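> Pasting a structure below so you can have a look.
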Amino acid sequence: MATKCLCLPLPNGPSQGHDAGVFAPLIEDADNLLVPVICLYEVFKKVNAVADEPKALQAIGQMKQGRVMEVTEAIALRASLISLKHRLPMADSLMLATAWSEQATLWTQDKHFAGLPGVEYKEHLPPPPSIRGH
């Protein structure tokens, strides 16, 4: 199976349940999952903002089942070029450079990545009507 790099925006991403089917097989295939270290930062921060630190640590533990990729000099320099060429913010360009460094596909629901090479963009689905009111 091909290597995948996963970037999920929270709290509106698959963690909400209604999008989970798209990403669950990717997350469960930890042997082929890359996790850019910058994603640990983003998820930890966002889960803490909407929940608490124990839940954030639980999310990080799940992410660390994949291979956490550090930012190397080569990734940092490539990310800066990606940022300039595709007008991406720093964190997004680091995620994409990390995926490209391993010839991985970056799976995301972040619109910044839509249409970029090596990206599998899945539009965020609004919750079903029965969930919206709760």
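Naming works like this for the structure tokens: A, B, ... for the chains as they're shown, residue 1 at the start of each chain, ligands 1 onward in shown order.
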With only C-alpha atoms as the counted atoms, please give the residues lying no more than 9 Å from Thr72 (chain A), apart from itself and same-chain residues fewer than 4 positions off, as a PyMOL selection string.

chain A and resi 76-77+98

> Find the residues around Val35 (chain A) up to 7 Å (only C-alpha atoms counted), leave out those fewer than 2 positions away in its own chain, and share them as a compact mmCIF listing (two decimals) with N, CA and C atoms, in the first residue's frame.


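Heads up, here's the output in result_31.txt:
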# COMPACT_ATOMS: atom_id res chain seq x y z
N CYS A 5 0.19 10.62 3.98
CA CYS A 5 0.45 11.66 4.96
C CYS A 5 -0.90 12.29 5.24
N LEU A 6 -1.26 12.42 6.48
CA LEU A 6 -2.61 12.84 6.82
C LEU A 6 -2.58 14.16 7.56
N LEU A 33 1.45 5.31 7.44
CA LEU A 33 0.98 6.66 7.76
C LEU A 33 2.13 7.53 8.24
N VAL A 37 5.45 16.47 12.07
CA VAL A 37 5.50 16.91 13.46
C VAL A 37 4.67 18.17 13.68
N CYS A 39 1.83 18.74 12.58
CA CYS A 39 0.45 18.31 12.82
C CYS A 39 0.22 18.00 14.30
N MET A 63 -2.14 9.64 16.93
CA MET A 63 -1.36 10.09 15.78
C MET A 63 0.03 9.46 15.77
N GLY A 66 1.43 6.35 13.79
CA GLY A 66 2.08 6.49 12.49
C GLY A 66 3.53 6.90 12.71
N ARG A 67 4.24 7.16 11.63
CA ARG A 67 5.64 7.58 11.71
C ARG A 67 5.70 9.10 11.75
N VAL A 68 6.09 9.64 12.90
CA VAL A 68 6.19 11.09 13.06
C VAL A 68 7.44 11.57 12.32
N MET A 69 7.24 12.53 11.44
CA MET A 69 8.32 13.06 10.61
C MET A 69 8.77 14.42 11.15

> Under the rule that only C-alpha atoms are counted, which of A:Gln103, A:Asn32, A:Gln65, A:Ser93 is the nearest residue to Ser80 (chain A)?

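Using only C-alpha atoms, Ser80 (chain A) sits closest to A:Ser93.
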
> Quick one: everything within 9 Å of region 116-122 of chain A, counting only C-alpha atoms, minus sequence neighbours fewer than 3 positions away in the same chain. Send it as an mmCIF file with C-alpha atoms, in the first residue's frame.


data_model
loop_
_atom_site.group_PDB
_atom_site.id
_atom_site.type_symbol
_atom_site.label_atom_id
_atom_site.label_comp_id
_atom_site.auth_asym_id
_atom_site.auth_seq_id
_atom_site.Cartn_x
_atom_site.Cartn_y
_atom_site.Cartn_z
ATOM 1 C CA VAL A 22 -13.164 8.793 4.467
ATOM 2 C CA HIS A 86 1.642 27.975 -4.054
ATOM 3 C CA LEU A 96 3.244 19.240 1.962
ATOM 4 C CA ALA A 99 4.679 14.349 2.239
ATOM 5 C CA TRP A 100 6.683 15.047 -0.912
ATOM 6 C CA GLN A 103 6.670 10.423 -2.078
ATOM 7 C CA ALA A 104 3.494 10.209 0.004
ATOM 8 C CA THR A 105 0.024 11.444 -0.813
ATOM 9 C CA LEU A 106 -1.208 14.169 1.525
ATOM 10 C CA TRP A 107 -4.844 13.529 2.500
ATOM 11 C CA THR A 108 -6.673 16.569 3.830
ATOM 12 C CA GLN A 109 -9.889 18.533 4.108
ATOM 13 C CA ASP A 110 -8.000 21.831 4.155
ATOM 14 C CA LYS A 111 -9.022 23.905 1.117
ATOM 15 C CA HIS A 112 -5.530 25.449 0.893
ATOM 16 C CA PHE A 113 -4.366 22.157 -0.638
ATOM 17 C CA LEU A 125 -19.202 17.248 4.616
#

> For a test of reading the model, state the distance in Å between CA of Ala79 (chain A) and CA of Asp92 (chain A), rounded to one decimal.

8.4 Å

> Pick from A:Ile27, A:Val71, A:Met90, A:Ile60: nearest to Tyr41 (chain A), with only C-alpha atoms counted?

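Of all the options, A:Ile60 lies closest to Tyr41 (chain A).
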
> Name the closest residue to Ala97 (chain A) among the candidates A:Leu34, A:Ala74, A:Leu40, A:Ala51; distances are taken between atoms, counting only C-alpha atoms.

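Of the candidates, the smallest distance to Ala97 (chain A) is held by A:Ala74.
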
> Hey, which of A:Ala24, A:Ala91, A:Leu57, A:Ile82 ends up closest to Glu42 (chain A)? Count only C-alpha atoms.

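Counting only C-alpha atoms, the residue closest to Glu42 (chain A) is A:Ala91.
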
> Identify which of the residues A:Pro126, A:Lys64, A:Lys85, A:Glu73 lies closest to Asp31 (chain A), counting only C-alpha atoms when measuring atom-to-atom distances.

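Nearest to Asp31 (chain A): A:Lys64.
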